[in-house]
$ cat model.tsv   # TSV, C-alpha atoms and all ligand atoms
chain	number	residue	atom	x	y	z
A	484	MET	CA	-7.76	305.16	48.67
A	485	GLU	CA	-8.50	305.07	44.95
A	486	ALA	CA	-9.80	307.14	42.08
A	487	PHE	CA	-11.50	305.95	38.93
A	488	TYR	CA	-13.41	307.24	35.94
A	489	THR	CA	-16.79	305.57	35.53
A	490	ILE	CA	-20.55	306.08	35.24
A	491	GLN	CA	-22.38	307.33	38.35
A	492	GLY	CA	-24.46	304.27	39.15
A	493	GLU	CA	-26.76	305.70	41.82
A	494	GLY	CA	-29.23	308.47	42.50
A	495	ALA	CA	-30.00	311.69	40.66
A	496	PHE	CA	-26.89	311.59	38.39
A	497	GLN	CA	-27.18	307.89	37.56
A	498	GLY	CA	-25.90	307.32	34.02
A	499	HIS	CA	-23.54	310.33	33.90
A	500	ALA	CA	-19.80	309.94	33.44
A	501	ALA	CA	-17.92	311.05	36.56
A	502	TYR	CA	-14.49	310.85	38.18
A	503	PHE	CA	-14.74	309.13	41.59
A	504	ILE	CA	-12.33	310.03	44.39
A	505	ARG	CA	-12.59	307.52	47.24
A	506	LEU	CA	-11.06	308.66	50.54
A	507	GLY	CA	-9.96	306.00	53.03
A	508	GLY	CA	-11.33	305.94	56.58
A	509	CYS	CA	-14.78	305.31	58.05
A	510	ASP	CA	-15.98	304.52	61.57
A	511	VAL	CA	-19.72	304.37	60.86
A	512	GLY	CA	-19.66	300.57	60.68
A	513	CYS	CA	-22.57	299.67	58.38
A	514	VAL	CA	-22.82	295.86	58.58
A	515	TRP	CA	-23.64	295.69	54.86
A	516	CYS	CA	-21.09	298.26	53.62
A	517	ASP	CA	-19.93	297.38	50.10
A	518	VAL	CA	-16.44	298.96	50.57
A	519	LYS	CA	-15.29	297.68	53.96
A	520	GLU	CA	-11.71	297.78	52.65
A	521	SER	CA	-12.02	301.58	52.87
A	522	TRP	CA	-12.56	301.66	56.64
A	523	GLU	CA	-8.93	301.65	57.78
A	524	ALA	CA	-7.43	304.97	56.63
A	525	ALA	CA	-3.88	303.90	57.52
A	526	ALA	CA	-4.10	300.99	55.06
A	527	HIS	CA	-4.06	303.46	52.16
A	528	PRO	CA	-1.22	305.78	51.13
A	529	ASP	CA	-1.65	309.58	51.42
A	530	THR	CA	-2.06	311.37	48.10
A	531	GLU	CA	-1.46	315.10	47.52
A	532	VAL	CA	-4.61	317.07	46.67
A	533	ALA	CA	-2.90	318.55	43.59
A	534	ARG	CA	-2.07	315.03	42.36
A	535	ILE	CA	-5.69	313.88	42.75
A	536	VAL	CA	-7.00	316.90	40.84
A	537	LYS	CA	-4.37	316.59	38.08
A	538	ASP	CA	-5.28	312.92	37.55
A	539	ALA	CA	-8.99	313.81	37.42
A	540	SER	CA	-8.32	316.44	34.74
A	541	HIS	CA	-7.09	313.81	32.26
A	542	PHE	CA	-10.67	312.64	31.67
A	543	PRO	CA	-13.30	314.60	29.73
A	544	ALA	CA	-16.15	314.63	32.29
A	545	ARG	CA	-16.27	317.60	34.66
A	546	VAL	CA	-18.15	315.94	37.50
A	547	ALA	CA	-16.04	314.77	40.46
A	548	VAL	CA	-17.74	312.53	43.04
A	549	VAL	CA	-15.97	312.50	46.41
A	550	THR	CA	-16.83	309.36	48.38
A	551	GLY	CA	-15.21	306.88	50.72
A	552	GLY	CA	-15.04	305.67	53.34
A	553	GLU	CA	-16.66	308.65	55.00
A	554	PRO	CA	-15.26	311.71	53.19
A	555	LEU	CA	-16.46	314.21	55.81
A	556	MET	CA	-13.94	312.80	58.28
A	557	TYR	CA	-11.60	315.22	56.44
A	558	ASP	CA	-11.69	318.97	55.82
A	559	LEU	CA	-12.57	319.01	52.13
A	560	GLY	CA	-12.07	322.77	51.58
A	561	GLU	CA	-8.79	322.48	49.68
A	562	LEU	CA	-9.84	319.49	47.53
A	563	THR	CA	-13.07	321.13	46.43
A	564	ARG	CA	-11.35	324.50	45.82
A	565	GLN	CA	-8.83	322.88	43.49
A	566	LEU	CA	-11.50	320.80	41.71
A	567	LYS	CA	-13.59	323.92	41.11
A	568	ASP	CA	-10.52	325.81	39.86
A	569	LYS	CA	-10.18	323.10	37.19
A	570	GLY	CA	-13.84	323.47	36.21
A	571	PHE	CA	-15.32	320.46	38.00
A	572	ARG	CA	-18.77	320.18	39.47
A	573	THR	CA	-18.20	318.84	42.97
A	574	HIS	CA	-20.46	316.06	44.29
A	575	ILE	CA	-20.20	314.27	47.63
A	576	GLU	CA	-21.54	310.93	48.89
A	577	THR	CA	-21.83	311.09	52.68
A	578	SER	CA	-23.49	309.46	55.66
A	579	GLY	CA	-23.62	312.90	57.32
A	580	ALA	CA	-21.93	311.64	60.48
A	581	TYR	CA	-19.31	314.45	60.45
A	582	PRO	CA	-19.56	318.24	59.95
A	583	LEU	CA	-19.90	319.47	56.41
A	584	SER	CA	-16.74	320.97	54.89
A	585	GLY	CA	-15.90	321.91	51.30
A	586	HIS	CA	-17.79	323.65	48.49
A	587	TRP	CA	-20.40	321.41	46.88
A	588	ASP	CA	-22.58	321.54	43.82
A	589	TRP	CA	-24.37	318.38	44.94
A	590	VAL	CA	-24.69	316.69	48.33
A	591	CYS	CA	-25.96	313.11	48.39
A	592	PHE	CA	-26.88	312.33	52.00
A	593	SER	CA	-27.30	308.65	52.94
A	594	PRO	CA	-28.04	308.53	56.70
A	595	LYS	CA	-27.05	305.45	58.65
A	596	LYS	CA	-28.54	303.93	61.83
A	597	PHE	CA	-25.03	302.89	62.87
A	598	LYS	CA	-23.87	306.48	63.59
A	599	GLU	CA	-26.24	309.42	64.10
A	600	PRO	CA	-26.14	311.91	61.19
A	601	LEU	CA	-25.79	315.65	61.88
A	602	PRO	CA	-28.86	317.84	61.16
A	603	GLU	CA	-26.66	320.36	59.26
A	604	VAL	CA	-25.92	317.73	56.60
A	605	ALA	CA	-29.61	316.86	56.24
A	606	GLN	CA	-30.31	320.57	55.71
A	607	ALA	CA	-27.62	320.82	53.01
A	608	ALA	CA	-28.74	317.69	51.12
A	609	ASP	CA	-29.68	317.92	47.44
A	610	GLU	CA	-30.45	314.21	47.43
A	611	LEU	CA	-31.52	311.88	50.26
A	612	LYS	CA	-30.61	308.27	49.45
A	613	VAL	CA	-31.85	305.75	52.00
A	614	ILE	CA	-30.58	302.18	51.79
A	615	VAL	CA	-33.36	299.66	52.41
A	616	TYR	CA	-32.12	296.54	54.19
A	617	ASN	CA	-35.43	295.58	55.77
A	618	LYS	CA	-38.91	297.01	56.20
A	619	SER	CA	-37.98	299.10	59.25
A	620	ASP	CA	-35.98	301.31	56.87
A	621	PHE	CA	-39.12	302.94	55.46
A	622	LYS	CA	-39.76	304.59	58.86
A	623	TRP	CA	-36.11	305.66	58.89
A	624	ALA	CA	-36.57	307.17	55.43
A	625	GLU	CA	-39.61	309.14	56.61
A	626	LYS	CA	-37.68	310.51	59.59
A	627	TYR	CA	-35.08	312.00	57.24
A	628	GLU	CA	-37.63	313.10	54.64
A	629	ALA	CA	-38.91	315.44	57.38
A	630	LEU	CA	-35.40	316.83	58.05
A	631	VAL	CA	-34.23	317.63	54.51
A	632	GLY	CA	-35.20	320.76	52.57
A	633	ALA	CA	-38.30	320.99	50.37
A	634	ASN	CA	-36.33	320.66	47.10
A	635	CYS	CA	-34.30	317.63	48.15
A	636	ARG	CA	-34.68	314.64	45.80
A	637	LEU	CA	-35.75	311.41	47.56
A	638	PHE	CA	-34.35	307.97	46.65
A	639	LEU	CA	-34.77	304.47	48.08
A	640	GLN	CA	-31.96	302.09	47.15
A	641	PRO	CA	-32.10	298.35	47.89
A	642	GLU	CA	-29.23	297.01	49.96
A	643	TRP	CA	-27.41	294.84	47.42
A	644	SER	CA	-27.59	291.48	49.25
A	645	GLN	CA	-31.27	291.96	50.15
A	646	GLN	CA	-32.47	293.25	46.79
A	647	GLU	CA	-34.70	290.29	45.91
A	648	LYS	CA	-36.54	290.65	49.21
A	649	VAL	CA	-36.73	294.45	49.51
A	650	THR	CA	-37.17	295.63	45.89
A	651	PRO	CA	-40.86	294.59	45.79
A	652	LEU	CA	-41.39	296.45	49.09
A	653	ILE	CA	-39.72	299.55	47.63
A	654	ILE	CA	-41.92	299.39	44.53
A	655	ASP	CA	-45.10	299.21	46.64
A	656	TYR	CA	-43.87	302.01	48.89
A	657	ILE	CA	-43.08	304.36	45.99
A	658	LYS	CA	-46.43	303.65	44.33
A	659	ALA	CA	-48.06	304.82	47.56
A	660	ASN	CA	-45.54	307.66	48.19
A	661	PRO	CA	-44.71	309.03	44.73
A	662	GLN	CA	-42.42	311.78	45.98
A	663	TRP	CA	-39.82	308.99	46.29
A	664	GLN	CA	-37.85	307.38	43.43
A	665	VAL	CA	-36.03	304.09	43.20
A	666	SER	CA	-32.23	304.08	42.86
A	667	LEU	CA	-30.53	300.88	41.71
A	668	GLN	CA	-26.76	300.42	41.79
A	669	VAL	CA	-26.56	300.11	37.99
A	670	HIS	CA	-22.75	299.90	37.98
A	671	LYS	CA	-23.07	296.51	39.68
A	672	TYR	CA	-25.41	295.23	36.94
A	673	LEU	CA	-23.09	296.69	34.28
A	674	ASP	CA	-20.05	295.18	36.03
A	675	ILE	CA	-18.11	298.44	35.99
A	676	PRO	CA	-16.47	300.22	38.97
A	701	LIG	C1	-19.74	303.22	50.29
A	701	LIG	S1	-20.67	304.66	50.66
A	701	LIG	C2	-19.40	305.90	50.87
A	701	LIG	C3	-19.94	307.26	51.22
A	701	LIG	C4	-20.50	307.44	52.63
A	701	LIG	N1	-19.73	306.76	53.63
A	701	LIG	C5	-21.94	306.99	52.69
A	701	LIG	O1	-22.21	305.95	53.27
A	701	LIG	O2	-22.78	307.71	52.13
A	701	LIG	C6	-21.37	305.13	49.06
A	701	LIG	C7	-22.84	304.82	48.88
A	701	LIG	O3	-23.02	303.41	48.81
A	701	LIG	C8	-24.14	303.06	49.56
A	701	LIG	N2	-24.00	301.65	49.92
A	701	LIG	C9	-22.98	301.11	50.65
A	701	LIG	N3	-23.14	299.78	50.76
A	701	LIG	C10	-24.26	299.45	50.09
A	701	LIG	C11	-24.94	298.21	49.84
A	701	LIG	N4	-24.49	297.06	50.34
A	701	LIG	N5	-26.06	298.24	49.10
A	701	LIG	C12	-26.54	299.42	48.61
A	701	LIG	N6	-25.94	300.62	48.81
A	701	LIG	C13	-24.81	300.63	49.53
A	701	LIG	C14	-24.09	304.04	50.72
A	701	LIG	O4	-25.31	304.17	51.41
A	701	LIG	C15	-23.72	305.32	50.03
A	701	LIG	O5	-24.88	305.94	49.54
A	702	LIG	N1	-20.26	303.57	39.45
A	702	LIG	C1	-20.33	303.87	40.75
A	702	LIG	N2	-21.30	304.71	41.17
A	702	LIG	C2	-21.32	305.02	42.49
A	702	LIG	N3	-22.15	305.88	43.13
A	702	LIG	C3	-21.78	305.96	44.42
A	702	LIG	C4	-20.69	305.13	44.64
A	702	LIG	C5	-19.92	305.12	45.89
A	702	LIG	O1	-19.33	304.10	46.25
A	702	LIG	O2	-19.92	306.16	46.55
A	702	LIG	C6	-20.40	304.51	43.42
A	702	LIG	C7	-19.41	303.57	42.96
A	702	LIG	O3	-18.62	302.98	43.70
A	702	LIG	N4	-19.44	303.30	41.62
A	703	LIG	S1	-20.89	305.08	56.15
A	703	LIG	FE1	-20.52	304.58	54.02
A	703	LIG	S2	-18.37	303.83	53.91
A	703	LIG	FE2	-18.95	303.95	56.07
A	703	LIG	S3	-19.57	301.87	56.57
A	703	LIG	FE3	-21.45	302.96	55.98
A	703	LIG	S4	-21.67	302.65	53.75
A	703	LIG	FE4	-19.57	302.05	54.32
A	704	MG	MG	-19.94	302.15	45.70
$ encode --input "model.tsv" --output "structure tokens" --more "lines below"
Ligand SMILES: C[S@@+](CC[C@H](N)C(=O)[O-])C[C@H]1O[C@@H](n2cnc3c(N)ncnc32)[C@H](O)[C@@H]1O
Ligand SMILES: Nc1nc2[nH]cc(C(=O)O)c2c(=O)[nH]1
Ligand code: SF4
Ligand SMILES: [Mg+2]
Amino acid sequence: MEAFYTIQGEGAFQGHAAYFIRLGGCDVGCVWCDVKESWEAAAHPDTEVARIVKDASHFPARVAVVTGGEPLMYDLGELTRQLKDKGFRTHIETSGAYPLSGHWDWVCFSPKKFKEPLPEVAQAADELKVIVYNKSDFKWAEKYEALVGANCRLFLQPEWSQQEKVTPLIIDYIKANPQWQVSLQVHKYLDIP
């Protein structure tokens, strides 16, 4: 759908320069999704994997973040192979609703109530990032905390439109459950992609 060089705004790599590769297509249907224009894969032109990787190589950072849409709707073996050949660390942002494919240095798993995630993705997660839209999402976070591995980093991220309401709840929750960290979408505050 698009690719852009920016600062990772969320989670464990927040603040690091990275090349984002956004794949079109998603049927998870999050009511608050901040890239609904990505949902319809056919609305975006196909791009050759080699073209994507060549474009990425023009920038100095060697972290590529594959996102979407839901990137695991595709077999990501070839894309990640070519990125690794060019020296990139490969990171993925996924809801975990489709089987894991590709070779990843970092898996950010953000499970959604709108489409059941697969346990194999929870097991592979390096980072669990739960979006908090209302207070029922803390129970949802705990459900997935129990499914990820022992070394998985744990983040709670306010849903953008609800941040004034839910950020104070997140702060109280993390003070009581210090294994969790807060993740803010800093690119939105910085007004960068
Ligand atoms: C647009 S999604 C694309 C990747 C994948 N479909 C997923 O949901 O993980 C990228 C990240 O943005 C988060 N996100 C989407 N809409 C959001 C919103 N309104 N507020 C906060 N985070 C949001 C998702 O949870 C995910 O972690
Ligand atoms: N700067 C920036 N950081 C991000 N982290 C995850 C994003 C995503 O949409 O997957 C994202 C994004 O869209 N922009
Ligand atoms: S899974 Fe990701 S891309 Fe799909 S609707 Fe939800 S937030 Fe948007
Ligand atoms: Mg985004």
$ closest_residue --input "model.tsv" --among "A:Asp674, A:Met484, A:Gly552, A:Thr563" --to "Pro528 of chain A" --atoms "all atoms listed in the file"
A:Met484
$ axis_aligned_box --input "model.tsv" --around "ligand LIG 702 (chain A)" --padding-each-side "5 Å" --output "JSON"
{"center_x": -20.4, "center_y": 304.6, "center_z": 43.0, "size_x": 13.5, "size_y": 13.2, "size_z": 17.1}
$ residues_near_ligand --input "model.tsv" --ligand "ligand LIG 702 (chain A)" --cutoff "8 Å" --atoms "only C-alpha atoms and all ligand atoms" --output "list in words"
Thr489, Ile490, Gln491, Gly492, Glu493, Gly494, Gln497, Phe503, Arg505, Asp517, Val518, Val548, Val549, Thr550, Gly551, Glu576, Gln668, Val669, His670, Lys671, Ile675 and Pro676 of chain A
$ residues_near_ligand --input "model.tsv" --ligand "ligand LIG 703 (chain A)" --cutoff "7 Å" --atoms "only C-alpha atoms and all ligand atoms" --output "number ranges by chain"
A: 509-513, 516-519, 521-522, 551-553, 577-578, 595
$ closest_residue --input "model.tsv" --among "A:Glu642, A:Ala544, A:Pro651, A:Ala659" --to "ligand MG 704 (chain A)" --atoms "all atoms listed in the file"
A:Glu642
$ residues_near_point --input "model.tsv" --point "(-29.6, 309.2, 49.0)" --cutoff "10 Å" --atoms "only C-alpha atoms" --output "list in words"
Glu493, Gly494, Ala495, Glu576, Thr577, Ser578, Val590, Cys591, Phe592, Ser593, Pro594, Ala608, Asp609, Glu610, Leu611, Lys612, Val613, Ile614, Ala624, Cys635, Arg636, Leu637, Phe638, Leu639, Gln640 and Ser666 of chain A
$ residues_around --input "model.tsv" --residues "Pro602 of chain A" --least-positions-apart "3" --cutoff "8 Å" --atoms "only C-alpha atoms" --output "ChimeraX atom specification"
/A:605-606,630
$ write_last_selection --input "model.tsv" --atoms "C-alpha atoms" --output "PDB file, keeping the file's coordinate frame"
ATOM      1  CA  ALA A 605     -29.610 316.860  56.240  1.00  0.00           C
ATOM      2  CA  GLN A 606     -30.310 320.570  55.710  1.00  0.00           C
ATOM      3  CA  LEU A 630     -35.400 316.830  58.050  1.00  0.00           C
TER       4      LEU A 630
END
$ closest_residue --input "model.tsv" --among "A:Leu667, A:Leu555, A:Val536, A:Leu566" --to "ligand MG 704 (chain A)" --atoms "all atoms listed in the file"
A:Leu667
$ residues_around --input "model.tsv" --residues "His541 of chain A" --least-positions-apart "3" --cutoff "12 Å" --atoms "all atoms listed in the file" --output "list of chain:residue names"
A:Phe487, A:Tyr488, A:Ala501, A:Tyr502, A:Arg534, A:Ile535, A:Val536, A:Lys537, A:Asp538, A:Ala544, A:Arg545, A:Lys569
$ closest_residue --input "model.tsv" --among "A:Tyr616, A:Tyr557, A:Tyr672, A:Tyr627" --to "ligand LIG 701 (chain A)" --atoms "all atoms listed in the file"
A:Tyr616
$ atom_distance --input "model.tsv" --atom1 "atom CA of Trp587 of chain A" --atom2 "atom CA of Thr573 of chain A"
5.2 Å
$ atom_distance --input "model.tsv" --atom1 "atom CA of Pro554 of chain A" --atom2 "atom CA of Pro641 of chain A"
22.1 Å
$ closest_residue --input "model.tsv" --among "A:Ala525, A:Ala629, A:Val649, A:Val546" --to "ligand LIG 701 (chain A)" --atoms "all atoms listed in the file"
A:Val649
$ decode --input "model.tsv" --residues "segment 581-669 of chain A" --atoms "C-alpha atoms" --output "PDB file, in the first residue's frame"
ATOM      1  CA  TYR A 581      -3.329 -15.471  10.384  1.00  0.00           C
ATOM      2  CA  PRO A 582      -0.525 -18.080  10.499  1.00  0.00           C
ATOM      3  CA  LEU A 583       2.979 -16.790  11.012  1.00  0.00           C
ATOM      4  CA  SER A 584       5.163 -16.742   7.886  1.00  0.00           C
ATOM      5  CA  GLY A 585       8.545 -15.110   7.233  1.00  0.00           C
ATOM      6  CA  HIS A 586      11.776 -14.786   9.229  1.00  0.00           C
ATOM      7  CA  TRP A 587      11.520 -12.235  12.019  1.00  0.00           C
ATOM      8  CA  ASP A 588      13.909 -10.544  14.382  1.00  0.00           C
ATOM      9  CA  TRP A 589      10.983  -8.967  16.233  1.00  0.00           C
ATOM     10  CA  VAL A 590       7.298  -9.862  16.416  1.00  0.00           C
ATOM     11  CA  CYS A 591       4.932  -7.237  17.824  1.00  0.00           C
ATOM     12  CA  PHE A 592       1.641  -9.010  18.556  1.00  0.00           C
ATOM     13  CA  SER A 593      -1.439  -6.825  19.073  1.00  0.00           C
ATOM     14  CA  PRO A 594      -4.418  -9.184  19.575  1.00  0.00           C
ATOM     15  CA  LYS A 595      -7.876  -7.992  18.601  1.00  0.00           C
ATOM     16  CA  LYS A 596     -11.323  -8.965  19.948  1.00  0.00           C
ATOM     17  CA  PHE A 597     -12.713  -8.579  16.434  1.00  0.00           C
ATOM     18  CA  LYS A 598     -10.940 -11.703  15.075  1.00  0.00           C
ATOM     19  CA  GLU A 599      -9.498 -14.453  17.281  1.00  0.00           C
ATOM     20  CA  PRO A 600      -5.669 -14.501  17.257  1.00  0.00           C
ATOM     21  CA  LEU A 601      -3.794 -17.784  16.707  1.00  0.00           C
ATOM     22  CA  PRO A 602      -1.901 -19.223  19.718  1.00  0.00           C
ATOM     23  CA  GLU A 603       1.216 -19.789  17.530  1.00  0.00           C
ATOM     24  CA  VAL A 604       1.590 -16.025  17.074  1.00  0.00           C
ATOM     25  CA  ALA A 605       1.232 -15.399  20.817  1.00  0.00           C
ATOM     26  CA  GLN A 606       4.004 -17.948  21.392  1.00  0.00           C
ATOM     27  CA  ALA A 607       6.291 -16.218  18.861  1.00  0.00           C
ATOM     28  CA  ALA A 608       5.710 -12.700  20.234  1.00  0.00           C
ATOM     29  CA  ASP A 609       8.662 -10.596  21.390  1.00  0.00           C
ATOM     30  CA  GLU A 610       6.281  -7.800  22.314  1.00  0.00           C
ATOM     31  CA  LEU A 611       2.596  -7.899  23.306  1.00  0.00           C
ATOM     32  CA  LYS A 612       0.921  -4.546  22.609  1.00  0.00           C
ATOM     33  CA  VAL A 613      -2.678  -4.334  23.788  1.00  0.00           C
ATOM     34  CA  ILE A 614      -4.780  -1.369  22.694  1.00  0.00           C
ATOM     35  CA  VAL A 615      -6.921  -0.038  25.536  1.00  0.00           C
ATOM     36  CA  TYR A 616     -10.257   1.312  24.320  1.00  0.00           C
ATOM     37  CA  ASN A 617     -12.160   0.795  27.563  1.00  0.00           C
ATOM     38  CA  LYS A 618     -11.640  -0.829  30.944  1.00  0.00           C
ATOM     39  CA  SER A 619     -12.630  -4.305  29.733  1.00  0.00           C
ATOM     40  CA  ASP A 620      -9.345  -4.342  27.790  1.00  0.00           C
ATOM     41  CA  PHE A 621      -7.281  -4.920  30.948  1.00  0.00           C
ATOM     42  CA  LYS A 622      -8.848  -8.398  31.298  1.00  0.00           C
ATOM     43  CA  TRP A 623      -8.112  -8.974  27.612  1.00  0.00           C
ATOM     44  CA  ALA A 624      -4.495  -7.956  28.219  1.00  0.00           C
ATOM     45  CA  GLU A 625      -4.203 -10.437  31.094  1.00  0.00           C
ATOM     46  CA  LYS A 626      -5.569 -13.251  28.928  1.00  0.00           C
ATOM     47  CA  TYR A 627      -2.759 -12.705  26.412  1.00  0.00           C
ATOM     48  CA  GLU A 628      -0.114 -12.078  29.068  1.00  0.00           C
ATOM     49  CA  ALA A 629      -0.741 -15.712  30.074  1.00  0.00           C
ATOM     50  CA  LEU A 630      -0.299 -16.944  26.472  1.00  0.00           C
ATOM     51  CA  VAL A 631       2.958 -15.212  25.498  1.00  0.00           C
ATOM     52  CA  GLY A 632       6.434 -16.445  26.456  1.00  0.00           C
ATOM     53  CA  ALA A 633       8.204 -15.455  29.666  1.00  0.00           C
ATOM     54  CA  ASN A 634      10.545 -12.966  27.925  1.00  0.00           C
ATOM     55  CA  CYS A 635       7.840 -11.163  25.965  1.00  0.00           C
ATOM     56  CA  ARG A 636       7.716  -7.401  26.620  1.00  0.00           C
ATOM     57  CA  LEU A 637       4.279  -6.128  27.718  1.00  0.00           C
ATOM     58  CA  PHE A 638       2.797  -2.806  26.524  1.00  0.00           C
ATOM     59  CA  LEU A 639      -0.543  -1.068  27.003  1.00  0.00           C
ATOM     60  CA  GLN A 640      -1.302   1.554  24.364  1.00  0.00           C
ATOM     61  CA  PRO A 641      -4.264   3.946  24.616  1.00  0.00           C
ATOM     62  CA  GLU A 642      -6.658   3.862  21.681  1.00  0.00           C
ATOM     63  CA  TRP A 643      -6.054   7.276  20.117  1.00  0.00           C
ATOM     64  CA  SER A 644      -9.612   8.672  20.323  1.00  0.00           C
ATOM     65  CA  GLN A 645     -10.073   7.463  23.919  1.00  0.00           C
ATOM     66  CA  GLN A 646      -6.693   8.530  25.270  1.00  0.00           C
ATOM     67  CA  GLU A 647      -7.963  11.194  27.677  1.00  0.00           C
ATOM     68  CA  LYS A 648     -10.304   8.678  29.293  1.00  0.00           C
ATOM     69  CA  VAL A 649      -8.103   5.567  29.295  1.00  0.00           C
ATOM     70  CA  THR A 650      -4.580   6.933  29.908  1.00  0.00           C
ATOM     71  CA  PRO A 651      -5.249   7.527  33.638  1.00  0.00           C
ATOM     72  CA  LEU A 652      -6.597   3.949  33.886  1.00  0.00           C
ATOM     73  CA  ILE A 653      -3.452   2.634  32.174  1.00  0.00           C
ATOM     74  CA  ILE A 654      -1.222   4.576  34.571  1.00  0.00           C
ATOM     75  CA  ASP A 655      -3.024   3.134  37.616  1.00  0.00           C
ATOM     76  CA  TYR A 656      -2.932  -0.362  36.128  1.00  0.00           C
ATOM     77  CA  ILE A 657       0.811  -0.253  35.427  1.00  0.00           C
ATOM     78  CA  LYS A 658       1.569   1.105  38.900  1.00  0.00           C
ATOM     79  CA  ALA A 659      -0.200  -1.975  40.275  1.00  0.00           C
ATOM     80  CA  ASN A 660       1.188  -4.373  37.596  1.00  0.00           C
ATOM     81  CA  PRO A 661       4.740  -3.154  36.931  1.00  0.00           C
ATOM     82  CA  GLN A 662       5.589  -5.895  34.453  1.00  0.00           C
ATOM     83  CA  TRP A 663       3.615  -3.755  31.957  1.00  0.00           C
ATOM     84  CA  GLN A 664       4.829  -0.556  30.238  1.00  0.00           C
ATOM     85  CA  VAL A 665       2.929   2.251  28.580  1.00  0.00           C
ATOM     86  CA  SER A 666       3.261   2.746  24.812  1.00  0.00           C
ATOM     87  CA  LEU A 667       2.132   6.064  23.329  1.00  0.00           C
ATOM     88  CA  GLN A 668       1.857   6.636  19.586  1.00  0.00           C
ATOM     89  CA  VAL A 669       4.581   9.314  19.633  1.00  0.00           C
TER      90      VAL A 669
END
